[in-house]
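final-v3.pdb follows (PDB, C-alpha atoms, pLDDT in the B column):
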```
MODEL        1
ATOM      1  CA  PHE A   1      29.747  44.451 -20.002  1.00 76.00           C
ATOM      2  CA  LEU A   2      31.695  42.312 -22.448  1.00 78.00           C
ATOM      3  CA  VAL A   3      29.620  42.336 -25.607  1.00 79.00           C
ATOM      4  CA  SER A   4      29.670  39.979 -28.588  1.00 87.00           C
ATOM      5  CA  ASN A   5      27.358  40.329 -31.639  1.00 93.00           C
ATOM      6  CA  HIS A   6      23.887  41.760 -32.289  1.00 94.00           C
ATOM      7  CA  CYS A   7      23.323  43.147 -28.781  1.00 93.00           C
ATOM      8  CA  SER A   8      21.506  46.226 -27.501  1.00 94.00           C
ATOM      9  CA  ILE A   9      23.044  47.795 -24.394  1.00 93.00           C
ATOM     10  CA  THR A  10      20.968  50.750 -23.186  1.00 95.00           C
ATOM     11  CA  ASN A  11      20.522  52.971 -20.128  1.00 96.00           C
ATOM     12  CA  ASN A  12      23.143  51.463 -17.816  1.00 94.00           C
ATOM     13  CA  VAL A  13      25.204  53.415 -15.265  1.00 92.00           C
ATOM     14  CA  ALA A  14      28.694  52.818 -13.846  1.00 90.00           C
ATOM     15  CA  TYR A  15      29.520  54.994 -10.835  1.00 88.00           C
ATOM     16  CA  HIS A  16      33.095  55.632  -9.587  1.00 85.00           C
ATOM     17  CA  ALA A  17      34.347  53.089 -12.099  1.00 80.00           C
ATOM     18  CA  LEU A  18      38.022  52.554 -12.873  1.00 78.00           C
ATOM     19  CA  GLU A  19      37.578  50.370 -15.957  1.00 81.00           C
ATOM     20  CA  LYS A  20      35.285  50.357 -18.993  1.00 85.00           C
ATOM     21  CA  LEU A  21      31.523  50.310 -18.758  1.00 87.00           C
ATOM     22  CA  ILE A  22      31.259  48.516 -22.109  1.00 87.00           C
ATOM     23  CA  TYR A  23      33.901  46.464 -23.933  1.00 89.00           C
ATOM     24  CA  CYS A  24      32.419  45.514 -27.281  1.00 88.00           C
ATOM     25  CA  VAL A  25      34.308  42.754 -29.110  1.00 89.00           C
ATOM     26  CA  GLY A  26      31.904  42.035 -31.927  1.00 91.00           C
ATOM     27  CA  ASN A  27      29.717  43.358 -34.716  1.00 94.00           C
ATOM     28  CA  ASP A  28      26.332  45.016 -35.211  1.00 96.00           C
ATOM     29  CA  ASN A  29      25.776  46.228 -31.644  1.00 95.00           C
ATOM     30  CA  LEU A  30      23.786  49.239 -30.416  1.00 96.00           C
ATOM     31  CA  ILE A  31      25.138  51.054 -27.341  1.00 96.00           C
ATOM     32  CA  GLU A  32      22.781  53.861 -26.350  1.00 97.00           C
ATOM     33  CA  GLY A  33      22.002  56.103 -23.381  1.00 97.00           C
ATOM     34  CA  ASN A  34      24.593  54.721 -20.958  1.00 96.00           C
ATOM     35  CA  SER A  35      26.486  56.775 -18.341  1.00 95.00           C
ATOM     36  CA  PHE A  36      30.022  56.293 -17.059  1.00 92.00           C
ATOM     37  CA  LEU A  37      31.017  58.330 -14.006  1.00 91.00           C
ATOM     38  CA  GLY A  38      34.694  57.841 -13.199  1.00 87.00           C
ATOM     39  CA  ARG A  39      36.365  58.739  -9.938  1.00 82.00           C
ATOM     40  CA  PRO A  40      37.318  62.412  -9.509  1.00 74.00           C
ATOM     41  CA  VAL A  41      40.974  61.559 -10.202  1.00 66.00           C
ATOM     42  CA  GLY A  42      39.904  59.836 -13.428  1.00 59.00           C
ATOM     43  CA  SER A  43      39.624  56.246 -14.548  1.00 62.00           C
ATOM     44  CA  PHE A  44      42.418  54.081 -15.934  1.00 71.00           C
ATOM     45  CA  THR A  45      41.002  53.702 -19.415  1.00 80.00           C
ATOM     46  CA  ASP A  46      38.268  54.701 -21.840  1.00 88.00           C
ATOM     47  CA  ALA A  47      34.589  54.398 -20.916  1.00 92.00           C
ATOM     48  CA  TYR A  48      33.549  52.580 -24.112  1.00 94.00           C
ATOM     49  CA  ARG A  49      35.661  50.381 -26.376  1.00 92.00           C
ATOM     50  CA  LEU A  50      34.588  48.988 -29.757  1.00 91.00           C
ATOM     51  CA  MET A  51      36.528  46.198 -31.465  1.00 90.00           C
ATOM     52  CA  GLY A  52      34.489  45.118 -34.454  1.00 91.00           C
ATOM     53  CA  ASN A  53      32.381  46.370 -37.339  1.00 94.00           C
ATOM     54  CA  ARG A  54      29.070  48.205 -37.755  1.00 96.00           C
ATOM     55  CA  ASN A  55      28.648  49.140 -34.095  1.00 96.00           C
ATOM     56  CA  THR A  56      26.773  52.286 -33.070  1.00 97.00           C
ATOM     57  CA  LEU A  57      27.592  54.297 -29.929  1.00 97.00           C
ATOM     58  CA  ILE A  58      24.896  56.946 -29.574  1.00 98.00           C
ATOM     59  CA  ALA A  59      23.805  59.403 -26.869  1.00 98.00           C
ATOM     60  CA  ASN A  60      26.102  58.047 -24.157  1.00 97.00           C
ATOM     61  CA  TYR A  61      27.791  60.034 -21.385  1.00 96.00           C
ATOM     62  CA  ALA A  62      31.191  59.780 -19.701  1.00 94.00           C
ATOM     63  CA  ILE A  63      32.969  61.977 -17.166  1.00 92.00           C
ATOM     64  CA  ASN A  64      36.425  61.646 -15.561  1.00 90.00           C
ATOM     65  CA  THR A  65      37.864  59.125 -18.004  1.00 88.00           C
ATOM     66  CA  ASN A  66      41.157  58.499 -19.733  1.00 88.00           C
ATOM     67  CA  GLY A  67      39.132  58.577 -22.957  1.00 90.00           C
ATOM     68  CA  GLY A  68      35.503  58.611 -23.970  1.00 93.00           C
ATOM     69  CA  CYS A  69      35.482  56.010 -26.742  1.00 95.00           C
ATOM     70  CA  GLN A  70      38.130  53.909 -28.432  1.00 92.00           C
ATOM     71  CA  ILE A  71      37.644  52.074 -31.717  1.00 92.00           C
ATOM     72  CA  LEU A  72      40.297  49.418 -32.252  1.00 89.00           C
ATOM     73  CA  ASN A  73      40.457  47.474 -35.492  1.00 86.00           C
ATOM     74  CA  GLY A  74      36.993  48.033 -36.840  1.00 90.00           C
ATOM     75  CA  ALA A  75      35.174  49.527 -39.816  1.00 94.00           C
ATOM     76  CA  GLN A  76      31.761  51.125 -40.332  1.00 96.00           C
ATOM     77  CA  ASN A  77      31.368  52.106 -36.671  1.00 96.00           C
ATOM     78  CA  ARG A  78      29.397  55.235 -35.741  1.00 98.00           C
ATOM     79  CA  VAL A  79      30.022  57.440 -32.685  1.00 98.00           C
ATOM     80  CA  ILE A  80      27.121  59.907 -32.601  1.00 98.00           C
ATOM     81  CA  ASN A  81      25.843  62.583 -30.185  1.00 98.00           C
ATOM     82  CA  ASN A  82      27.808  61.436 -27.135  1.00 98.00           C
ATOM     83  CA  THR A  83      29.115  63.628 -24.300  1.00 98.00           C
ATOM     84  CA  PHE A  84      32.638  63.001 -22.994  1.00 96.00           C
ATOM     85  CA  ILE A  85      33.840  65.359 -20.226  1.00 93.00           C
ATOM     86  CA  ASN A  86      37.183  65.537 -18.379  1.00 89.00           C
ATOM     87  CA  CYS A  87      39.035  63.245 -20.780  1.00 88.00           C
ATOM     88  CA  LYS A  88      42.691  62.909 -19.813  1.00 86.00           C
ATOM     89  CA  GLN A  89      44.009  61.704 -23.182  1.00 87.00           C
ATOM     90  CA  VAL A  90      41.628  61.314 -26.147  1.00 90.00           C
ATOM     91  CA  GLY A  91      37.898  61.882 -26.485  1.00 93.00           C
ATOM     92  CA  VAL A  92      37.449  59.502 -29.434  1.00 96.00           C
ATOM     93  CA  ASN A  93      40.479  57.393 -30.378  1.00 93.00           C
ATOM     94  CA  ILE A  94      40.388  55.301 -33.567  1.00 92.00           C
ATOM     95  CA  ASN A  95      43.371  53.116 -34.426  1.00 89.00           C
ATOM     96  CA  ASP A  96      44.357  49.796 -35.968  1.00 84.00           C
ATOM     97  CA  ASP A  97      46.574  48.308 -33.298  1.00 72.00           C
ATOM     98  CA  ASN A  98      48.545  45.541 -35.004  1.00 66.00           C
ATOM     99  CA  SER A  99      49.574  44.020 -31.669  1.00 66.00           C
ATOM    100  CA  ILE A 100      46.011  42.759 -31.249  1.00 64.00           C
ATOM    101  CA  GLY A 101      45.347  41.833 -34.868  1.00 62.00           C
ATOM    102  CA  GLY A 102      45.082  45.098 -36.791  1.00 65.00           C
ATOM    103  CA  ARG A 103      42.152  45.481 -39.175  1.00 76.00           C
ATOM    104  CA  ASN A 104      40.896  48.134 -41.562  1.00 85.00           C
ATOM    105  CA  LEU A 105      39.409  51.383 -40.200  1.00 90.00           C
ATOM    106  CA  SER A 106      37.436  52.467 -43.279  1.00 92.00           C
ATOM    107  CA  HIS A 107      34.014  54.120 -43.009  1.00 95.00           C
ATOM    108  CA  ASN A 108      34.144  55.045 -39.320  1.00 96.00           C
ATOM    109  CA  GLU A 109      32.118  58.141 -38.427  1.00 98.00           C
ATOM    110  CA  VAL A 110      32.367  60.548 -35.474  1.00 98.00           C
ATOM    111  CA  ILE A 111      29.407  62.937 -35.607  1.00 98.00           C
ATOM    112  CA  GLY A 112      27.843  65.513 -33.275  1.00 98.00           C
ATOM    113  CA  ASN A 113      29.731  64.710 -30.077  1.00 98.00           C
ATOM    114  CA  TYR A 114      30.668  67.078 -27.249  1.00 98.00           C
ATOM    115  CA  ILE A 115      34.226  66.369 -26.056  1.00 96.00           C
ATOM    116  CA  GLU A 116      36.032  68.237 -23.301  1.00 93.00           C
ATOM    117  CA  GLY A 117      39.584  67.775 -22.064  1.00 88.00           C
ATOM    118  CA  LEU A 118      40.897  67.740 -18.528  1.00 79.00           C
ATOM    119  CA  ARG A 119      42.826  70.745 -17.272  1.00 68.00           C
ATOM    120  CA  ASN A 120      46.596  70.765 -17.910  1.00 64.00           C
ATOM    121  CA  THR A 121      46.782  67.546 -19.948  1.00 67.00           C
ATOM    122  CA  ALA A 122      48.012  66.832 -23.487  1.00 66.00           C
ATOM    123  CA  PHE A 123      44.566  66.078 -24.811  1.00 79.00           C
ATOM    124  CA  SER A 124      43.282  65.268 -28.321  1.00 88.00           C
ATOM    125  CA  GLY A 125      39.579  65.518 -29.073  1.00 93.00           C
ATOM    126  CA  VAL A 126      39.301  63.075 -31.991  1.00 96.00           C
ATOM    127  CA  GLN A 127      42.271  61.031 -33.150  1.00 93.00           C
ATOM    128  CA  VAL A 128      42.519  58.629 -36.101  1.00 92.00           C
ATOM    129  CA  VAL A 129      45.838  56.820 -36.537  1.00 88.00           C
ATOM    130  CA  THR A 130      46.364  54.081 -39.122  1.00 86.00           C
ATOM    131  CA  SER A 131      49.514  51.985 -39.113  1.00 80.00           C
ATOM    132  CA  TYR A 132      48.265  48.667 -40.491  1.00 79.00           C
ATOM    133  CA  SER A 133      46.314  49.184 -43.723  1.00 80.00           C
ATOM    134  CA  ASN A 134      44.918  51.691 -46.186  1.00 83.00           C
ATOM    135  CA  VAL A 135      41.892  53.640 -44.984  1.00 88.00           C
ATOM    136  CA  ASP A 136      39.112  54.915 -47.231  1.00 89.00           C
ATOM    137  CA  PHE A 137      36.512  57.343 -45.891  1.00 93.00           C
ATOM    138  CA  ILE A 138      36.584  58.670 -42.345  1.00 94.00           C
ATOM    139  CA  LYS A 139      33.978  61.267 -41.360  1.00 97.00           C
ATOM    140  CA  ILE A 140      34.524  63.668 -38.424  1.00 97.00           C
ATOM    141  CA  GLU A 141      31.664  66.147 -38.549  1.00 98.00           C
ATOM    142  CA  GLY A 142      29.704  68.506 -36.323  1.00 98.00           C
ATOM    143  CA  ASN A 143      31.621  67.840 -33.110  1.00 98.00           C
ATOM    144  CA  THR A 144      32.370  70.364 -30.369  1.00 98.00           C
ATOM    145  CA  ILE A 145      35.854  69.915 -28.901  1.00 95.00           C
ATOM    146  CA  VAL A 146      36.963  72.000 -25.929  1.00 92.00           C
ATOM    147  CA  GLY A 147      40.474  71.984 -24.510  1.00 85.00           C
ATOM    148  CA  ILE A 148      41.239  73.487 -21.102  1.00 72.00           C
ATOM    149  CA  ASP A 149      44.643  75.150 -20.508  1.00 61.00           C
ATOM    150  CA  ILE A 150      46.225  72.829 -23.046  1.00 63.00           C
ATOM    151  CA  THR A 151      49.973  72.945 -23.630  1.00 65.00           C
ATOM    152  CA  ASN A 152      50.034  70.173 -26.249  1.00 74.00           C
ATOM    153  CA  GLY A 153      47.645  67.998 -28.241  1.00 82.00           C
ATOM    154  CA  ASN A 154      45.122  68.468 -31.034  1.00 89.00           C
ATOM    155  CA  GLY A 155      41.490  69.208 -31.503  1.00 93.00           C
ATOM    156  CA  ILE A 156      41.453  66.674 -34.360  1.00 94.00           C
ATOM    157  CA  LEU A 157      44.370  64.488 -35.468  1.00 92.00           C
ATOM    158  CA  VAL A 158      44.316  62.309 -38.601  1.00 91.00           C
ATOM    159  CA  SER A 159      47.657  60.581 -38.970  1.00 86.00           C
ATOM    160  CA  ASN A 160      49.306  57.908 -41.050  1.00 82.00           C
ATOM    161  CA  PRO A 161      52.851  57.358 -39.768  1.00 75.00           C
ATOM    162  CA  ASN A 162      53.613  54.630 -42.331  1.00 76.00           C
ATOM    163  CA  THR A 163      53.180  54.322 -46.097  1.00 75.00           C
ATOM    164  CA  PHE A 164      49.507  53.322 -46.148  1.00 78.00           C
ATOM    165  CA  LEU A 165      46.990  55.554 -47.878  1.00 80.00           C
ATOM    166  CA  MET A 166      44.388  57.577 -45.997  1.00 85.00           C
ATOM    167  CA  GLU A 167      41.894  58.856 -48.555  1.00 89.00           C
ATOM    168  CA  ASN A 168      38.509  60.582 -48.649  1.00 93.00           C
ATOM    169  CA  THR A 169      38.604  61.975 -45.134  1.00 93.00           C
ATOM    170  CA  ILE A 170      35.859  64.455 -44.236  1.00 96.00           C
ATOM    171  CA  ILE A 171      36.546  66.922 -41.414  1.00 97.00           C
ATOM    172  CA  ALA A 172      33.710  69.420 -41.495  1.00 98.00           C
ATOM    173  CA  ASN A 173      31.624  71.745 -39.348  1.00 98.00           C
ATOM    174  CA  ASN A 174      33.499  71.043 -36.122  1.00 98.00           C
ATOM    175  CA  LYS A 175      33.882  73.649 -33.382  1.00 97.00           C
ATOM    176  CA  ILE A 176      37.341  73.502 -31.790  1.00 95.00           C
ATOM    177  CA  ASP A 177      38.086  75.765 -28.837  1.00 92.00           C
ATOM    178  CA  ASN A 178      41.218  76.293 -26.731  1.00 87.00           C
ATOM    179  CA  CYS A 179      43.269  73.402 -28.135  1.00 86.00           C
ATOM    180  CA  TYR A 180      47.013  73.710 -28.800  1.00 85.00           C
ATOM    181  CA  ASN A 181      46.555  72.601 -32.429  1.00 89.00           C
ATOM    182  CA  GLY A 182      43.200  72.818 -34.144  1.00 92.00           C
ATOM    183  CA  ILE A 183      43.369  70.207 -36.920  1.00 93.00           C
ATOM    184  CA  SER A 184      46.486  68.176 -37.762  1.00 90.00           C
ATOM    185  CA  THR A 185      46.572  65.878 -40.776  1.00 89.00           C
ATOM    186  CA  TYR A 186      49.416  63.756 -42.143  1.00 83.00           C
ATOM    187  CA  LYS A 187      49.255  62.122 -45.585  1.00 78.00           C
ATOM    188  CA  ALA A 188      45.524  62.682 -45.996  1.00 80.00           C
ATOM    189  CA  LYS A 189      44.648  62.557 -49.738  1.00 83.00           C
ATOM    190  CA  TYR A 190      41.504  63.510 -51.653  1.00 89.00           C
ATOM    191  CA  SER A 191      40.043  64.902 -48.467  1.00 90.00           C
ATOM    192  CA  ASN A 192      37.417  67.527 -47.658  1.00 94.00           C
ATOM    193  CA  ILE A 193      38.299  69.778 -44.714  1.00 94.00           C
ATOM    194  CA  ASN A 194      35.911  72.706 -44.442  1.00 96.00           C
ATOM    195  CA  ASN A 195      33.805  75.013 -42.264  1.00 97.00           C
ATOM    196  CA  ASN A 196      35.593  74.236 -39.007  1.00 97.00           C
TER
ENDMDL
END
```
Using structure tokens, write down the structure from this file.
Amino acid sequence: FLVSNHCSITNNVAYHALEKLIYCVGNDNLIEGNSFLGRPVGSFTDAYRLMGNRNTLIANYAINTNGGCQILNGAQNRVINNTFINCKQVGVNINDDNSIGGRNLSHNEVIGNYIEGLRNTAFSGVQVVTSYSNVDFIKIEGNTIVGIDITNGNGILVSNPNTFLMENTIIANNKIDNCYNGISTYKAKYSNINNN
């Protein structure tokens, strides 16, 4: 599905897929209760991609994917209570890719998801990387992140490789198991990291 604005996409299934089930290029969409079943060797990309603002991805499922969900260039998106299993690279990847018109990432939330890596891969559970603009308020809370025989990667990575500010980040009440690094933060200011 290629989604624009103000849509509801619910209870769809992709079986042995190589590409995304839902590619959301728009605002104010609800994506709920969908299932993405990649091939046993894994798909080429993430199961769900959001490029816009105020989208909600809730109670979806993905197995055998490169990544569960990717948020590119959007603010006020919510990724809640999803299950992503056998992710080769990143469970939830949030970044402001300037090559496709980077935009602000403020007020994105990743809450209550179950994310599991694929054996023997450099996997990150939740990753937020800003390289285009300042970011105010990111919430990563109540997630369960499980790595499997990991030799590199992070449970949670919040990174700002440039000079932009990343402020008011909340990383709280997450369970991180068997990951090479638990939580890695770079240049996070005025943040609340607790009870993980």
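Distance check against Gly26 of chain A using all atoms listed in the file: of A:Ala14, A:Ala47, A:Val3, A:Ile156, the minimum falls on A:Val3.
The gap separating atom CA of Leu18 of chain A from atom CA of Val146 of chain A is 23.4 Å, in Å to one decimal.
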key: Residues within 6 Å of (31.7, 65.8, -36.4), counting all atoms listed in the file, listed as an MDAnalysis selection string   = chainID A and resid 110:112 140:143 174
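If you count all atoms listed in the file and ignore residues fewer than 3 places along the chain from segment 74-78 of chain A, what sits within 7 Å of it is Met51, Gly52, Asn53, Arg54, Asn55, Thr56, Leu57, Ile71, Arg103, Asn104, Leu105, Ser106, His107, Asn108, Glu109 and Val110 of chain A.
Using all atoms listed in the file, the shortest contact distance between Tyr61 of chain A and any of A:Leu37, A:Val126, A:Cys7, A:Ile148 is found at A:Leu37.
If only C-alpha atoms are the atoms counted, then among A:Pro161, A:Gly153, A:Pro40, A:Gly33 the closest residue to Asn81 of chain A is A:Gly33.
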Could I get the residues of segment 1-108 of chain A with an atom no further than 9 Å from an atom of segment 113-118 of chain A, each paired with its nearest atom pair and that distance in Å to one decimal, using all atoms listed in the file, sorted by chain and residue number, as JSON lines?
```
{"residue": "A:Ala59", "atom": "CA", "partner": "A:Asn113", "partner_atom": "CA", "distance": 8.6}
{"residue": "A:Asn64", "atom": "CA", "partner": "A:Leu118", "partner_atom": "CA", "distance": 8.1}
{"residue": "A:Gly68", "atom": "CA", "partner": "A:Ile115", "partner_atom": "CA", "distance": 8.1}
{"residue": "A:Val79", "atom": "CA", "partner": "A:Asn113", "partner_atom": "CA", "distance": 7.7}
{"residue": "A:Ile80", "atom": "CA", "partner": "A:Asn113", "partner_atom": "CA", "distance": 6.0}
{"residue": "A:Asn81", "atom": "CA", "partner": "A:Asn113", "partner_atom": "CA", "distance": 4.4}
{"residue": "A:Asn82", "atom": "CA", "partner": "A:Asn113", "partner_atom": "CA", "distance": 4.8}
{"residue": "A:Thr83", "atom": "CA", "partner": "A:Tyr114", "partner_atom": "CA", "distance": 4.8}
{"residue": "A:Phe84", "atom": "CA", "partner": "A:Ile115", "partner_atom": "CA", "distance": 4.8}
{"residue": "A:Ile85", "atom": "CA", "partner": "A:Glu116", "partner_atom": "CA", "distance": 4.7}
{"residue": "A:Asn86", "atom": "CA", "partner": "A:Leu118", "partner_atom": "CA", "distance": 4.3}
{"residue": "A:Cys87", "atom": "CA", "partner": "A:Gly117", "partner_atom": "CA", "distance": 4.7}
{"residue": "A:Lys88", "atom": "CA", "partner": "A:Leu118", "partner_atom": "CA", "distance": 5.3}
{"residue": "A:Gln89", "atom": "CA", "partner": "A:Gly117", "partner_atom": "CA", "distance": 7.6}
{"residue": "A:Val90", "atom": "CA", "partner": "A:Gly117", "partner_atom": "CA", "distance": 7.9}
{"residue": "A:Gly91", "atom": "CA", "partner": "A:Ile115", "partner_atom": "CA", "distance": 5.8}
{"residue": "A:Val92", "atom": "CA", "partner": "A:Ile115", "partner_atom": "CA", "distance": 8.3}
```
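The two atoms in question, atom CA of Asp136 of chain A and atom CA of Ser124 of chain A, are spaced 22.0 Å apart.
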For segment 106-119 of chain A, write N, CA, C and O atoms out as a CSV table (one decimal), in the first residue's frame.
```csv
chain,number,residue,atom,x,y,z
A,106,SER,N,11.0,15.8,15.9
A,106,SER,CA,10.5,16.1,17.2
A,106,SER,C,9.2,15.4,17.5
A,106,SER,O,8.3,15.2,16.6
A,107,HIS,N,9.0,15.0,18.8
A,107,HIS,CA,7.8,14.4,19.3
A,107,HIS,C,7.4,13.0,18.7
A,107,HIS,O,6.2,12.7,18.6
A,108,ASN,N,8.4,12.3,18.3
A,108,ASN,CA,8.1,10.9,17.9
A,108,ASN,C,8.2,10.0,19.2
A,108,ASN,O,9.0,10.2,20.1
A,109,GLU,N,7.3,9.0,19.2
A,109,GLU,CA,7.2,8.1,20.4
A,109,GLU,C,7.3,6.7,19.9
A,109,GLU,O,6.6,6.3,19.0
A,110,VAL,N,8.0,5.9,20.7
A,110,VAL,CA,8.1,4.4,20.5
A,110,VAL,C,7.8,3.8,21.8
A,110,VAL,O,8.6,3.8,22.7
A,111,ILE,N,6.7,3.2,21.9
A,111,ILE,CA,6.1,2.7,23.2
A,111,ILE,C,5.6,1.3,23.2
A,111,ILE,O,4.8,1.0,22.3
A,112,GLY,N,6.1,0.5,24.1
A,112,GLY,CA,5.4,-0.8,24.4
A,112,GLY,C,5.6,-1.9,23.3
A,112,GLY,O,4.8,-2.8,23.1
A,113,ASN,N,6.7,-1.8,22.5
A,113,ASN,CA,6.9,-2.7,21.4
A,113,ASN,C,7.8,-3.9,21.8
A,113,ASN,O,8.6,-3.8,22.7
A,114,TYR,N,7.6,-5.0,21.2
A,114,TYR,CA,8.5,-6.2,21.3
A,114,TYR,C,9.3,-6.3,20.1
A,114,TYR,O,8.8,-6.4,19.0
A,115,ILE,N,10.7,-6.2,20.2
A,115,ILE,CA,11.6,-6.2,19.1
A,115,ILE,C,12.7,-7.2,19.3
A,115,ILE,O,13.3,-7.2,20.4
A,116,GLU,N,12.8,-8.1,18.3
A,116,GLU,CA,13.8,-9.2,18.5
A,116,GLU,C,14.7,-9.2,17.3
A,116,GLU,O,14.3,-9.1,16.1
A,117,GLY,N,16.0,-9.3,17.5
A,117,GLY,CA,17.0,-9.3,16.4
A,117,GLY,C,17.1,-10.7,15.8
A,117,GLY,O,16.6,-11.7,16.3
A,118,LEU,N,17.8,-10.8,14.7
A,118,LEU,CA,18.1,-12.0,14.0
A,118,LEU,C,19.5,-12.5,14.4
A,118,LEU,O,20.4,-11.7,14.6
A,119,ARG,N,19.7,-13.8,14.6
A,119,ARG,CA,20.9,-14.4,15.1
A,119,ARG,C,22.1,-13.9,14.2
A,119,ARG,O,22.1,-13.9,13.0
```
